[in-house]
>>> print(open('target-v1.cif').read())   # mmCIF, C-alpha atoms
data_target
loop_
_atom_site.label_atom_id
_atom_site.label_comp_id
_atom_site.auth_asym_id
_atom_site.auth_seq_id
_atom_site.Cartn_x
_atom_site.Cartn_y
_atom_site.Cartn_z
CA MET A 1 -3.59 5.01 8.54
CA GLU A 2 -4.61 8.38 10.00
CA LEU A 3 -7.99 9.66 8.85
CA LEU A 4 -8.60 13.41 9.04
CA LEU A 5 -12.18 14.70 8.83
CA VAL A 6 -12.11 18.16 7.25
CA GLU A 7 -14.31 20.96 5.95
CA GLN A 8 -14.73 21.48 2.22
CA THR A 9 -15.63 24.73 0.44
CA PHE A 10 -19.17 23.56 -0.40
CA GLY A 11 -21.19 20.74 1.14
CA THR A 12 -19.75 20.54 4.64
CA GLU A 13 -20.26 23.88 6.37
CA GLU A 14 -23.51 23.70 8.33
CA LEU A 15 -25.26 26.79 6.97
CA SER A 16 -24.24 26.20 3.35
CA ILE A 17 -25.94 22.81 3.21
CA TYR A 18 -29.34 24.52 3.35
CA SER A 19 -28.77 26.57 0.19
CA ARG A 20 -29.76 25.05 -3.14
CA PHE A 21 -27.14 27.27 -4.82
CA THR A 22 -24.26 25.80 -2.82
CA ARG A 23 -25.65 22.31 -3.40
CA GLU A 24 -25.29 22.94 -7.13
CA ALA A 25 -21.64 23.96 -6.61
CA GLU A 26 -20.61 21.13 -4.27
CA LYS A 27 -18.54 18.20 -5.46
CA PRO A 28 -19.39 14.61 -4.55
CA PRO A 29 -17.58 13.47 -1.41
CA CYS A 30 -14.42 11.42 -1.79
CA LEU A 31 -11.69 9.94 0.36
CA THR A 32 -8.27 11.26 -0.61
CA MET A 33 -5.08 9.28 0.01
CA ASN A 34 -1.54 9.11 -1.30
CA THR A 35 -1.10 7.16 -4.54
CA ARG A 36 1.54 4.88 -3.00
CA ASP A 37 -0.76 3.98 -0.10
CA ALA A 38 -3.56 3.22 -2.56
CA ASP A 39 -1.21 0.99 -4.58
CA ARG A 40 -0.12 -0.82 -1.41
CA LEU A 41 -3.78 -1.51 -0.57
CA GLY A 42 -4.62 -2.63 -4.12
CA LEU A 43 -6.75 0.46 -4.76
CA THR A 44 -6.85 2.84 -7.69
CA HIS A 45 -8.24 6.31 -8.28
CA GLY A 46 -12.00 6.08 -8.77
CA ASN A 47 -12.55 2.88 -6.75
CA ARG A 48 -15.32 2.82 -4.17
CA VAL A 49 -14.01 1.92 -0.74
CA SER A 50 -15.43 1.02 2.64
CA LEU A 51 -13.93 2.22 5.92
CA GLN A 52 -14.99 0.11 8.89
CA VAL A 53 -14.64 1.74 12.31
CA ASN A 54 -16.46 1.88 15.64
CA GLY A 55 -18.84 -0.90 14.61
CA GLY A 56 -20.02 1.09 11.58
CA SER A 57 -18.90 1.60 8.02
CA LEU A 58 -18.75 4.38 5.51
CA GLU A 59 -18.65 3.93 1.72
CA VAL A 60 -17.11 6.58 -0.53
CA GLY A 61 -15.21 7.08 -3.78
CA LEU A 62 -11.42 7.23 -3.71
CA GLN A 63 -9.17 9.97 -5.01
CA ALA A 64 -5.51 8.88 -5.13
CA VAL A 65 -3.06 11.80 -5.34
CA GLU A 66 0.62 12.51 -4.74
CA THR A 67 -0.06 15.63 -2.66
CA VAL A 68 -1.36 13.90 0.49
CA ALA A 69 1.24 12.70 2.96
CA PRO A 70 1.81 8.93 3.05
CA GLY A 71 -0.13 7.28 5.87
CA VAL A 72 -2.83 9.99 5.85
CA MET A 73 -6.38 9.92 4.46
CA VAL A 74 -8.54 13.03 4.15
CA LEU A 75 -12.33 12.91 4.18
CA PRO A 76 -14.73 15.87 4.05
CA ARG A 77 -17.59 15.96 6.56
CA HIS A 78 -19.95 16.05 3.59
CA ARG A 79 -23.71 16.20 4.09
CA ASN A 80 -24.10 13.03 1.95
CA LEU A 81 -21.79 10.93 4.12
CA PRO A 82 -22.50 9.39 7.53
CA TRP A 83 -19.18 10.77 8.83
CA GLN A 84 -20.59 10.76 12.36
CA VAL A 85 -19.59 7.07 12.65
CA PHE A 86 -16.14 8.37 13.51
CA ALA A 87 -15.62 9.28 17.18
CA ALA A 88 -13.27 12.21 16.55
CA PRO A 89 -12.00 14.49 13.74
CA ARG A 90 -8.79 12.42 13.69
CA VAL A 91 -9.07 8.64 13.72
CA SER A 92 -6.60 5.81 13.28
CA VAL A 93 -7.94 3.24 10.77
CA PRO A 94 -6.15 -0.10 10.52
CA ILE A 95 -5.35 -0.94 6.89
CA GLU A 96 -7.30 -4.21 7.09
CA ARG A 97 -10.45 -2.10 7.64
CA ILE A 98 -10.07 -0.29 4.32
CA LYS A 99 -11.70 -2.41 1.62
CA ARG A 100 -12.33 -1.96 -2.09
CA LEU A 101 -15.99 -2.39 -3.00
CA PRO A 102 -17.08 -4.29 -6.11
#
>>> encode(input="target-v1.cif", output="structure tokens")
Amino acid sequence: MELLLVEQTFGTEELSIYSRFTREAEKPPCLTMNTRDADRLGLTHGNRVSLQVNGGSLEVGLQAVETVAPGVMVLPRHRNLPWQVFAAPRVSVPIERIKRLP
């Protein structure tokens, strides 16, 4: 699956993370993927998932939607996520490295 690291309106832009007002407006980070891909992986909307890449892992909530292309996952570079474990803004993640957390 292709993982795209993206900016979000609040919580990812470098200067906005220093403002307490934008922190109040930001949403919690979540991984977004197509509903059919989530079903195929045994995941449902609201699950917590782990992505394991480059010897590290990242844990985040899942948002399953119809509006993301199949085979694509979208993740904001949110200040509360260690997104730096990914080597590039676009990463290929094998499906066996996407796990549902208890």
>>> resolve_selection(input="target-v1.cif", expression="the PyMOL selection byres ((chain A and resi 48-52) around 8)", output="PyMOL selection string")
chain A and resi 46-47+53-62+93+97-102
>>> resolve_selection(input="target-v1.cif", expression="the PyMOL selection byres ((chain A and resi 76-91) around 6)", output="compact mmCIF listing (two decimals) with C-alpha atoms, in the frame of the given file")
# COMPACT_ATOMS: atom_id res chain seq x y z
CA GLU A 2 -4.61 8.38 10.00
CA LEU A 3 -7.99 9.66 8.85
CA LEU A 4 -8.60 13.41 9.04
CA LEU A 5 -12.18 14.70 8.83
CA VAL A 6 -12.11 18.16 7.25
CA GLU A 7 -14.31 20.96 5.95
CA GLN A 8 -14.73 21.48 2.22
CA GLY A 11 -21.19 20.74 1.14
CA THR A 12 -19.75 20.54 4.64
CA LEU A 75 -12.33 12.91 4.18
CA SER A 92 -6.60 5.81 13.28
>>> resolve_selection(input="target-v1.cif", expression="the PyMOL selection byres ((chain A and resi 71) around 8)", output="PyMOL selection string")
chain A and resi 1-2+33-34+37+69-70+72-73
>>> closest_residue(input="target-v1.cif", among="A:Thr32, A:Thr44, A:Ala38, A:Pro94", to="A:Val68", atoms="only C-alpha atoms")
A:Thr32
>>> atom_distance(input="target-v1.cif", atom1="atom CA of A:Val74", atom2="atom CA of A:Thr22")
21.4 Å
>>> atom_distance(input="target-v1.cif", atom1="atom CA of A:Cys30", atom2="atom CA of A:Ile95")
17.6 Å
>>> atom_distance(input="target-v1.cif", atom1="atom CA of A:Ala64", atom2="atom CA of A:Ala25")
22.1 Å
>>> axis_aligned_box(input="target-v1.cif", around="stretch 34-49 of chain A", padding_each_side="4 Å", output="AutoDock Vina command-line options")
--center_x -6.9 --center_y 3.2 --center_z -4.4 --size_x 24.9 --size_y 19.7 --size_z 16.7
>>> closest_residue(input="target-v1.cif", among="A:Glu96, A:Ser19, A:Thr67, A:Glu26", to="A:Arg40", atoms="only C-alpha atoms")
A:Glu96
